[in-house]
$ cat upload-v7.txt   # compact mmCIF, C-alpha atoms
# COMPACT_ATOMS: atom_id res chain seq x y z
CA MET A 25 122.01 106.87 95.31
CA LYS A 26 124.01 103.84 96.34
CA PRO A 27 123.65 103.02 100.05
CA ASP A 28 127.44 103.01 100.49
CA SER A 29 127.59 106.70 99.51
CA ALA A 30 124.75 107.71 101.82
CA ARG A 31 125.21 109.92 104.83
CA THR A 32 123.24 110.23 108.03
CA ILE A 33 122.31 113.86 108.66
CA GLY A 34 121.17 114.19 112.25
CA PRO A 35 118.79 116.67 113.90
CA GLY A 36 120.31 120.11 114.32
CA ALA A 37 121.45 120.17 110.69
CA THR A 38 120.05 122.53 108.05
CA VAL A 39 117.96 121.19 105.16
CA GLY A 40 117.76 123.19 101.94
CA ILE A 41 114.61 123.00 99.82
CA LEU A 42 114.45 123.86 96.14
CA GLY A 43 110.96 125.37 96.03
CA GLY A 44 109.04 127.19 98.74
CA GLY A 45 105.39 126.29 98.30
CA GLN A 46 103.03 124.43 100.58
CA LEU A 47 104.90 121.13 100.33
CA GLY A 48 108.09 122.82 101.48
CA ARG A 49 106.15 124.51 104.29
CA MET A 50 104.75 121.24 105.61
CA MET A 51 108.13 119.54 105.20
CA ALA A 52 109.73 122.29 107.29
CA LEU A 53 107.02 122.10 109.94
CA ALA A 54 107.49 118.34 110.30
CA GLY A 55 111.27 118.50 110.25
CA SER A 56 111.47 121.43 112.66
CA ALA A 57 109.71 119.32 115.27
CA MET A 58 112.58 116.83 114.86
CA GLY A 59 115.19 119.55 115.40
CA TYR A 60 116.17 120.40 111.82
CA ARG A 61 116.46 123.90 110.38
CA PHE A 62 115.23 124.74 106.88
CA VAL A 63 116.08 127.19 104.10
CA ALA A 64 113.90 127.34 100.97
CA MET A 65 114.93 128.82 97.61
CA ASP A 66 111.91 130.25 95.83
CA PRO A 67 110.99 133.29 93.69
CA ALA A 68 108.35 134.41 96.21
CA ALA A 69 109.59 136.66 99.02
CA ASP A 70 106.95 135.51 101.51
CA GLY A 71 105.90 132.12 100.19
CA PRO A 72 104.43 129.34 102.33
CA ALA A 73 107.80 127.80 103.25
CA ALA A 74 109.48 131.15 103.94
CA GLN A 75 106.91 131.82 106.66
CA VAL A 76 108.17 128.91 108.76
CA GLY A 77 111.91 128.85 107.97
CA GLY A 78 114.75 130.65 106.26
CA SER A 79 114.56 131.62 102.60
CA ILE A 80 116.52 132.75 99.58
CA GLU A 81 114.44 134.75 97.11
CA ALA A 82 115.55 133.64 93.65
CA ALA A 83 114.43 131.92 90.46
CA TYR A 84 114.77 128.14 90.38
CA ASP A 85 117.47 128.34 87.69
CA ASP A 86 119.55 130.98 89.51
CA ARG A 87 122.92 129.26 89.93
CA ASP A 88 124.42 131.95 92.17
CA ALA A 89 121.47 131.66 94.55
CA ALA A 90 121.73 127.87 94.45
CA SER A 91 125.37 128.15 95.46
CA ARG A 92 124.36 130.35 98.39
CA LEU A 93 121.81 127.71 99.36
CA ALA A 94 124.51 125.05 99.26
CA GLY A 95 126.70 127.16 101.56
CA ARG A 96 123.96 127.35 104.19
CA CYS A 97 122.78 123.72 104.19
CA ASP A 98 123.96 120.25 105.12
CA VAL A 99 121.58 118.45 102.73
CA ILE A 100 119.35 119.62 99.87
CA THR A 101 116.01 118.27 98.66
CA TYR A 102 113.22 119.57 96.44
CA GLU A 103 109.49 120.00 96.91
CA PHE A 104 108.31 119.81 93.32
CA GLU A 105 109.66 118.19 90.18
CA ASN A 106 109.84 121.23 87.89
CA VAL A 107 112.92 122.69 89.51
CA ASP A 108 115.90 122.94 87.14
CA ALA A 109 117.57 119.52 86.85
CA ASP A 110 120.82 121.22 85.76
CA VAL A 111 120.83 123.27 88.96
CA ALA A 112 120.28 120.09 90.95
CA ALA A 113 123.21 118.50 89.12
CA MET A 114 125.41 121.53 89.91
CA LEU A 115 124.40 121.35 93.57
CA MET A 116 125.55 117.73 93.69
CA GLU A 117 129.10 119.05 93.21
CA GLN A 118 128.74 121.67 95.94
CA SER A 119 126.54 120.01 98.55
CA TYR A 120 124.85 116.75 99.52
CA VAL A 121 121.81 116.03 97.30
CA PRO A 122 120.82 112.43 98.10
CA GLN A 123 117.98 112.45 95.55
CA GLY A 124 120.44 113.36 92.81
CA SER A 125 119.33 114.83 89.49
CA ASP A 126 118.54 111.62 87.57
CA LEU A 127 115.14 111.24 89.22
CA LEU A 128 114.23 114.81 88.26
CA TYR A 129 115.49 114.20 84.72
CA THR A 130 113.27 111.11 84.43
CA THR A 131 110.07 112.42 85.99
CA GLN A 132 110.20 115.83 84.32
CA HIS A 133 109.58 114.16 80.95
CA ARG A 134 106.54 111.93 80.41
CA LEU A 135 108.17 109.73 77.78
CA ARG A 136 111.23 109.05 79.94
CA GLU A 137 108.95 108.45 82.92
CA LYS A 138 106.79 105.92 81.06
CA ARG A 139 109.84 103.99 79.91
CA ALA A 140 111.19 103.92 83.46
CA VAL A 141 107.85 102.66 84.81
CA GLU A 142 107.75 99.91 82.19
CA ALA A 143 111.34 98.97 83.02
CA ALA A 144 110.27 98.57 86.65
CA GLY A 145 107.65 96.03 85.57
CA ALA A 146 104.49 98.14 85.86
CA LYS A 147 101.92 98.88 83.16
CA VAL A 148 101.17 102.25 81.59
CA ALA A 149 98.49 103.12 79.08
CA PRO A 150 99.56 102.40 75.46
CA TYR A 151 101.26 105.55 74.17
CA ALA A 152 103.20 107.10 71.31
CA GLU A 153 105.55 110.04 70.83
CA ILE A 154 104.01 112.67 68.54
CA ARG A 155 106.18 114.83 66.26
CA SER A 156 103.64 116.12 63.73
CA GLU A 157 99.93 116.53 63.11
CA GLN A 158 100.02 113.66 60.62
CA GLU A 159 101.73 111.43 63.18
CA LEU A 160 98.97 112.38 65.64
CA ARG A 161 96.34 111.29 63.10
CA ASP A 162 98.13 108.00 62.52
CA GLU A 163 98.46 107.24 66.22
CA VAL A 164 94.84 108.22 66.95
CA ASN A 165 93.83 105.62 64.36
CA ARG A 166 96.06 103.04 66.06
CA LEU A 167 95.16 103.78 69.69
CA GLY A 168 91.52 104.75 69.13
CA LEU A 169 89.33 107.51 70.54
CA PRO A 170 89.08 109.05 73.00
CA ALA A 171 92.80 109.59 73.50
CA VAL A 172 94.79 112.07 75.59
CA LEU A 173 97.41 114.32 74.03
CA LYS A 174 99.90 115.73 76.55
CA THR A 175 103.03 117.85 76.55
CA ALA A 176 106.03 115.73 77.55
CA THR A 177 107.17 118.36 80.04
CA GLY A 178 105.34 120.75 82.34
CA GLY A 179 101.63 120.67 83.07
CA TYR A 180 99.78 119.85 86.28
CA ASP A 181 96.17 119.83 87.51
CA GLY A 182 95.01 119.09 83.96
CA LYS A 183 97.15 121.74 82.26
CA GLY A 184 99.16 120.80 79.16
CA GLN A 185 96.74 118.14 77.93
CA TRP A 186 93.79 117.69 75.60
CA VAL A 187 91.31 114.81 75.56
CA ILE A 188 90.66 114.17 71.87
CA ARG A 189 87.17 112.78 71.39
CA SER A 190 86.80 113.13 67.61
CA GLU A 191 89.08 113.34 64.58
CA GLU A 192 87.84 116.89 63.98
CA GLU A 193 89.66 117.98 67.16
CA ILE A 194 93.07 116.78 65.99
CA PRO A 195 94.27 120.01 64.26
CA ALA A 196 93.24 122.24 67.18
CA ALA A 197 94.68 119.89 69.79
CA TYR A 198 98.01 119.60 68.00
CA ALA A 199 98.25 123.35 67.32
CA GLU A 200 97.47 124.25 70.93
CA LEU A 201 99.85 121.84 72.64
CA ALA A 202 102.64 122.29 70.07
CA LYS A 203 102.90 125.91 71.28
CA ALA A 204 104.72 124.59 74.34
CA GLY A 205 107.71 123.78 72.13
CA THR A 206 108.30 120.38 73.70
CA GLU A 207 107.70 116.80 72.65
CA LEU A 208 104.13 115.54 72.75
CA VAL A 209 102.84 112.16 73.85
CA LEU A 210 99.50 110.54 72.98
CA GLU A 211 98.01 108.10 75.47
CA GLN A 212 95.17 105.68 75.02
CA PHE A 213 92.25 106.73 77.21
CA ILE A 214 91.90 104.28 80.09
CA ARG A 215 88.30 103.78 81.19
CA PHE A 216 88.97 103.51 84.88
CA SER A 217 86.58 102.71 87.70
CA LYS A 218 88.70 104.43 90.37
CA GLU A 219 91.82 106.54 90.69
CA LEU A 220 94.29 105.46 93.35
CA SER A 221 97.64 106.71 94.56
CA VAL A 222 100.37 105.27 96.74
CA ILE A 223 103.21 107.17 98.44
CA ALA A 224 106.36 105.06 98.68
CA ALA A 225 109.51 106.05 100.55
CA ARG A 226 113.08 104.95 100.07
CA SER A 227 115.88 106.18 102.31
CA SER A 228 119.41 107.02 101.22
CA HIS A 229 120.43 103.74 102.90
CA GLY A 230 117.98 101.72 100.78
CA GLU A 231 115.21 101.10 103.34
CA VAL A 232 111.70 101.19 101.81
CA ARG A 233 108.22 101.73 103.30
CA VAL A 234 104.83 102.38 101.75
CA PHE A 235 101.80 104.35 102.94
CA PRO A 236 98.24 102.99 102.62
CA PRO A 237 96.78 103.58 99.13
CA ALA A 238 94.34 106.46 98.76
CA GLU A 239 91.22 106.54 96.60
CA ASN A 240 91.18 109.89 94.82
CA ILE A 241 88.33 111.90 93.34
CA HIS A 242 89.16 114.79 91.01
CA VAL A 243 86.94 117.68 89.94
CA ASP A 244 87.97 119.82 86.97
CA ASN A 245 91.32 117.99 86.98
CA ILE A 246 92.09 119.14 90.54
CA LEU A 247 92.19 116.66 93.42
CA HIS A 248 89.05 117.06 95.54
CA LEU A 249 89.02 114.07 97.92
CA SER A 250 91.45 111.39 99.08
CA ILE A 251 89.66 108.53 100.85
CA VAL A 252 91.58 106.12 103.09
CA PRO A 253 91.12 103.20 103.37
CA ALA A 254 90.39 103.15 99.64
CA ARG A 255 87.10 101.46 98.82
CA VAL A 256 88.53 98.60 96.78
CA GLU A 257 89.32 94.93 97.30
CA ALA A 258 92.21 94.07 99.61
CA SER A 259 93.99 92.33 96.73
CA VAL A 260 93.96 95.60 94.76
CA LEU A 261 95.45 97.50 97.70
CA GLU A 262 98.19 94.90 98.05
CA GLU A 263 99.01 95.04 94.34
CA ALA A 264 99.08 98.86 94.38
CA GLU A 265 101.57 98.78 97.26
CA ARG A 266 103.71 96.19 95.46
CA LEU A 267 103.79 98.31 92.31
CA ALA A 268 104.80 101.44 94.23
CA LEU A 269 107.63 99.62 95.99
CA ARG A 270 108.78 98.09 92.71
CA ILE A 271 108.89 101.53 91.09
CA VAL A 272 110.67 103.34 93.93
CA GLU A 273 113.30 100.59 94.07
CA GLY A 274 113.56 100.35 90.27
CA LEU A 275 114.22 104.08 90.05
CA GLY A 276 116.73 103.94 92.88
CA ALA A 277 114.83 106.90 94.30
CA VAL A 278 115.61 108.63 97.57
CA GLY A 279 112.77 110.37 99.39
CA LEU A 280 109.16 109.96 98.38
CA VAL A 281 107.62 108.90 95.10
CA ALA A 282 103.87 109.28 94.62
CA VAL A 283 102.50 106.70 92.18
CA GLU A 284 99.17 107.66 90.61
CA LEU A 285 97.16 104.70 89.32
CA PHE A 286 94.07 103.92 87.27
CA LEU A 287 92.01 100.89 88.35
CA THR A 288 89.87 99.36 85.59
CA GLU A 289 86.63 97.44 86.01
CA ASP A 290 88.48 94.16 85.41
CA GLY A 291 90.93 94.89 88.23
CA GLN A 292 93.92 96.01 86.16
CA LEU A 293 96.20 98.75 87.52
CA TYR A 294 97.87 101.23 85.17
CA VAL A 295 100.42 103.81 86.30
CA ASN A 296 99.28 107.27 85.23
CA GLU A 297 102.00 109.54 86.62
CA LEU A 298 104.82 109.74 89.14
CA ALA A 299 105.74 112.61 91.44
CA PRO A 300 109.17 112.41 93.17
CA ARG A 301 108.13 114.32 96.30
CA PRO A 302 105.38 114.62 98.91
CA HIS A 303 102.01 114.69 97.18
CA ASN A 304 98.59 116.26 97.64
CA SER A 305 97.00 112.81 97.92
CA GLY A 306 99.34 112.00 100.82
CA HIS A 307 98.24 114.88 103.06
CA PHE A 308 95.92 112.48 104.93
CA THR A 309 99.03 111.01 106.56
CA MET A 310 99.54 114.15 108.68
CA GLU A 311 97.02 113.06 111.33
CA ALA A 312 95.90 109.62 110.19
CA CYS A 313 99.24 107.77 110.03
CA ARG A 314 101.86 107.05 112.66
CA THR A 315 104.36 108.93 110.49
CA SER A 316 103.39 111.70 108.08
CA GLN A 317 104.63 111.79 104.50
CA PHE A 318 106.56 114.98 105.34
CA GLU A 319 108.40 113.49 108.31
CA GLN A 320 109.07 110.39 106.21
CA HIS A 321 110.59 112.48 103.43
CA VAL A 322 112.92 114.25 105.87
CA ARG A 323 113.89 110.90 107.38
CA ALA A 324 114.58 109.43 103.94
CA VAL A 325 116.81 112.22 102.62
CA CYS A 326 118.63 112.58 105.94
CA GLY A 327 119.32 108.85 106.14
CA LEU A 328 117.35 108.23 109.33
CA PRO A 329 115.42 104.99 109.86
CA LEU A 330 112.04 105.33 108.17
CA GLY A 331 108.97 105.73 110.35
CA ASN A 332 105.98 103.44 110.69
CA PRO A 333 103.50 104.50 107.95
CA SER A 334 100.51 102.49 109.20
CA LEU A 335 97.03 103.99 109.36
CA MET A 336 95.65 104.90 112.80
CA SER A 337 92.22 106.18 111.73
CA PRO A 338 89.95 106.21 108.69
CA VAL A 339 90.27 109.61 107.05
CA VAL A 340 89.10 111.71 104.13
CA MET A 341 91.25 114.60 102.92
CA VAL A 342 89.34 117.40 101.19
CA ASN A 343 91.14 120.21 99.39
CA VAL A 344 90.36 123.81 100.30
CA LEU A 345 90.44 125.97 97.16
CA GLY A 346 90.25 129.73 97.00
CA GLN A 347 86.46 129.80 96.89
CA HIS A 348 86.26 127.61 100.00
CA VAL A 349 88.51 129.56 102.35
CA GLU A 350 85.97 131.96 103.83
CA PRO A 351 83.22 129.39 104.52
CA VAL A 352 85.81 126.90 105.84
CA VAL A 353 87.19 129.41 108.33
CA GLN A 354 83.68 130.27 109.46
CA ARG A 355 82.88 126.59 109.91
CA ILE A 356 86.08 125.71 111.78
CA THR A 357 85.84 128.63 114.20
CA ALA A 358 82.27 127.84 115.31
CA PRO A 359 80.90 124.98 117.45
CA ASP A 360 80.21 121.96 115.24
CA SER A 361 77.39 119.75 116.49
CA GLU A 362 77.41 117.72 113.25
CA ALA A 363 81.04 116.75 113.77
CA ALA A 364 80.21 115.69 117.31
CA ARG A 365 77.23 113.65 116.11
CA LEU A 366 79.35 111.83 113.51
CA SER A 367 82.37 111.52 115.83
CA ALA A 368 84.29 113.29 113.07
CA VAL A 369 87.38 115.37 113.81
CA PRO A 370 88.20 117.91 111.06
CA LYS A 371 91.81 119.13 111.07
CA LEU A 372 92.42 122.29 109.03
CA HIS A 373 95.72 123.13 107.33
CA LEU A 374 96.08 126.49 105.55
CA TYR A 375 99.17 127.17 103.49
CA GLY A 376 99.73 130.90 104.02
CA LYS A 377 99.24 131.90 100.39
CA ALA A 378 98.63 135.61 99.93
CA GLU A 379 95.67 135.54 97.55
CA ALA A 380 92.69 133.17 97.62
CA LYS A 381 92.10 132.73 93.89
CA TYR A 382 89.26 130.60 92.55
CA GLY A 383 90.51 127.05 91.97
CA ARG A 384 93.83 127.67 93.71
CA LYS A 385 94.88 125.20 96.41
CA MET A 386 94.87 127.18 99.65
CA GLY A 387 94.79 124.36 102.18
CA HIS A 388 93.14 121.09 103.08
CA ILE A 389 91.14 119.44 105.84
CA ASN A 390 91.81 115.94 107.12
CA VAL A 391 88.53 114.57 108.48
CA LEU A 392 89.22 111.72 110.94
CA ALA A 393 86.20 109.55 111.71
CA PRO A 394 85.14 106.05 112.78
CA ASP A 395 84.74 105.24 109.06
CA THR A 396 85.06 107.05 105.75
CA ASP A 397 81.28 107.25 105.34
CA ALA A 398 81.09 109.46 108.44
CA ALA A 399 83.94 111.66 107.18
CA LEU A 400 82.24 112.02 103.79
CA ALA A 401 78.95 112.83 105.52
CA TRP A 402 80.60 115.68 107.42
CA ILE A 403 82.10 117.10 104.22
CA GLU A 404 78.77 116.88 102.39
CA GLY A 405 76.86 118.28 105.36
CA THR A 406 78.88 121.50 105.41
CA GLY A 407 77.58 122.47 101.98
CA ILE A 408 80.94 124.12 101.28
CA TRP A 409 81.89 121.71 98.52
CA GLN A 410 78.37 121.21 97.19
CA ALA A 411 79.25 121.98 93.58
CA GLU A 412 82.18 119.55 93.70
CA ASN A 413 80.06 116.82 95.29
CA GLU A 414 77.47 117.18 92.53
CA ALA A 415 80.07 117.08 89.75

$ encode --input "upload-v7.txt" --output "structure tokens"
Amino acid sequence: MKPDSARTIGPGATVGILGGGQLGRMMALAGSAMGYRFVAMDPAADGPAAQVGGSIEAAYDDRDAASRLAGRCDVITYEFENVDADVAAMLMEQSYVPQGSDLLYTTQHRLREKRAVEAAGAKVAPYAEIRSEQELRDEVNRLGLPAVLKTATGGYDGKGQWVIRSEEEIPAAYAELAKAGTELVLEQFIRFSKELSVIAARSSHGEVRVFPPAENIHVDNILHLSIVPARVEASVLEEAERLALRIVEGLGAVGLVAVELFLTEDGQLYVNELAPRPHNSGHFTMEACRTSQFEQHVRAVCGLPLGNPSLMSPVVMVNVLGQHVEPVVQRITAPDSEAARLSAVPKLHLYGKAEAKYGRKMGHINVLAPDTDAALAWIEGTGIWQAENEA
């Protein structure tokens, strides 16, 4: 969006959200405190966002429902990137959608996303579009093994991808991912020393701010921990922030863009993926930063001045999956002498999902502490995430 076409949507207005999951819920909670009202469009009747604001129960590609959303709202945003880009484009004619549909169009497709990242001056892993099994064989020979085959659209938390470690896996990998009926992309496997992410914000008026980079640890392709400050050299943190700002400005994005990065042993940073929305690895901002990622997103799409994103306390965010809910609730509702000993302050957020399935994200805890070692010690000491810590 060009700054001269931006509007300022003040508190008291109604914000529409395409999607009604936990990100929409936390967006509504943050924005409600500022005086905004929220309506989420989502297939679930009692999803996380619907529990804290208004809702329209409908599929993401339901144009009639989207038109009803437009009639109830002053501005529309989205909480995840797999909403229908065509619906977003239609809404631009009926309402105010400062993020537009171009950003969705770009980030919904890995090949388009990689080209956009390169155009912004950042590095991605060497890659190739794959149209056939023979082409996959040829590109595996060029890029080397291991390599990662991914669907160009869809997929999250490790879904829609296959790490090819031997030539014998090529037929099975191609056959499995080709079932998705979309383009495929092969990426060279980056041997990284750490995974980092940076949340950058750009307002509809062109103002940009960046949150402190997080060091991320995944288990079974699901984010387990986000550690802030990240345990890397200051020069790496500065470069990660520069890259995120370059990308958010290069895309002309409005709202938040999460930039996921690989850091190699020789200090190189490669962009892995983008997410044009609040992000799991930015949940630490809710207590640890002067402005949370959710408040910042509302400010950005409503055209308010962006908030100060600086860190107030070291923090470790740990995800609460379905198998963790019961022991976490028991721990949080009892006196905690270990937290007192470590001067750690665990802050629990549960998302209101109906069923606690194994491996499903049900909430998170932000552990504030004098340093990240103390926060990590509290997490380890609970024993709740023992299997993840040993992975």

$ axis_aligned_box --input "upload-v7.txt" --around "range 379-398 of chain A" --padding-each-side "6 Å" --output "lines of an AutoDock Vina configuration file"
center_x = 88.4
center_y = 120.4
center_z = 102.4
size_x = 26.6
size_y = 42.3
size_z = 32.8

$ residues_near_point --input "upload-v7.txt" --point "(99.2, 100.2, 86.9)" --cutoff "6 Å" --atoms "all atoms listed in the file" --output "list in words"
Ala146, Lys147, Leu285, Leu293, Tyr294 and Val295 of chain A

$ closest_residue --input "upload-v7.txt" --among "A:Ile408, A:Ala37, A:Val344, A:Met310" --to "Arg96 in chain A" --atoms "all atoms listed in the file"
A:Ala37

$ atom_distance --input "upload-v7.txt" --atom1 "CA of Ala363 in chain A" --atom2 "CA of Lys385 in chain A"
23.8 Å

$ closest_residue --input "upload-v7.txt" --among "A:Glu284, A:Glu404, A:Glu211, A:Glu157" --to "Pro237 in chain A" --atoms "all atoms listed in the file"
A:Glu284

$ atom_distance --input "upload-v7.txt" --atom1 "CA of Ala225 in chain A" --atom2 "CA of Tyr102 in chain A"
14.6 Å

$ residues_around --input "upload-v7.txt" --residues "Ala399 in chain A" --least-positions-apart "5" --cutoff "12 Å" --atoms "only C-alpha atoms" --output "PyMOL selection string"
chain A and resi 249-253+337-342+362-371+389-394+404-406

$ write_last_selection --input "upload-v7.txt" --atoms "C-alpha atoms" --output "PDB file, keeping the file's coordinate frame"
ATOM      1  CA  LEU A 249      89.020 114.070  97.920  1.00  0.00           C
ATOM      2  CA  SER A 250      91.450 111.390  99.080  1.00  0.00           C
ATOM      3  CA  ILE A 251      89.660 108.530 100.850  1.00  0.00           C
ATOM      4  CA  VAL A 252      91.580 106.120 103.090  1.00  0.00           C
ATOM      5  CA  PRO A 253      91.120 103.200 103.370  1.00  0.00           C
ATOM      6  CA  SER A 337      92.220 106.180 111.730  1.00  0.00           C
ATOM      7  CA  PRO A 338      89.950 106.210 108.690  1.00  0.00           C
ATOM      8  CA  VAL A 339      90.270 109.610 107.050  1.00  0.00           C
ATOM      9  CA  VAL A 340      89.100 111.710 104.130  1.00  0.00           C
ATOM     10  CA  MET A 341      91.250 114.600 102.920  1.00  0.00           C
ATOM     11  CA  VAL A 342      89.340 117.400 101.190  1.00  0.00           C
ATOM     12  CA  GLU A 362      77.410 117.720 113.250  1.00  0.00           C
ATOM     13  CA  ALA A 363      81.040 116.750 113.770  1.00  0.00           C
ATOM     14  CA  ALA A 364      80.210 115.690 117.310  1.00  0.00           C
ATOM     15  CA  ARG A 365      77.230 113.650 116.110  1.00  0.00           C
ATOM     16  CA  LEU A 366      79.350 111.830 113.510  1.00  0.00           C
ATOM     17  CA  SER A 367      82.370 111.520 115.830  1.00  0.00           C
ATOM     18  CA  ALA A 368      84.290 113.290 113.070  1.00  0.00           C
ATOM     19  CA  VAL A 369      87.380 115.370 113.810  1.00  0.00           C
ATOM     20  CA  PRO A 370      88.200 117.910 111.060  1.00  0.00           C
ATOM     21  CA  LYS A 371      91.810 119.130 111.070  1.00  0.00           C
ATOM     22  CA  ILE A 389      91.140 119.440 105.840  1.00  0.00           C
ATOM     23  CA  ASN A 390      91.810 115.940 107.120  1.00  0.00           C
ATOM     24  CA  VAL A 391      88.530 114.570 108.480  1.00  0.00           C
ATOM     25  CA  LEU A 392      89.220 111.720 110.940  1.00  0.00           C
ATOM     26  CA  ALA A 393      86.200 109.550 111.710  1.00  0.00           C
ATOM     27  CA  PRO A 394      85.140 106.050 112.780  1.00  0.00           C
ATOM     28  CA  GLU A 404      78.770 116.880 102.390  1.00  0.00           C
ATOM     29  CA  GLY A 405      76.860 118.280 105.360  1.00  0.00           C
ATOM     30  CA  THR A 406      78.880 121.500 105.410  1.00  0.00           C
TER      31      THR A 406
END

$ closest_residue --input "upload-v7.txt" --among "A:Leu328, A:Leu374, A:Leu267, A:Ile214" --to "Met50 in chain A" --atoms "all atoms listed in the file"
A:Leu374

$ atom_distance --input "upload-v7.txt" --atom1 "CA of Met51 in chain A" --atom2 "CA of Gly387 in chain A"
14.5 Å
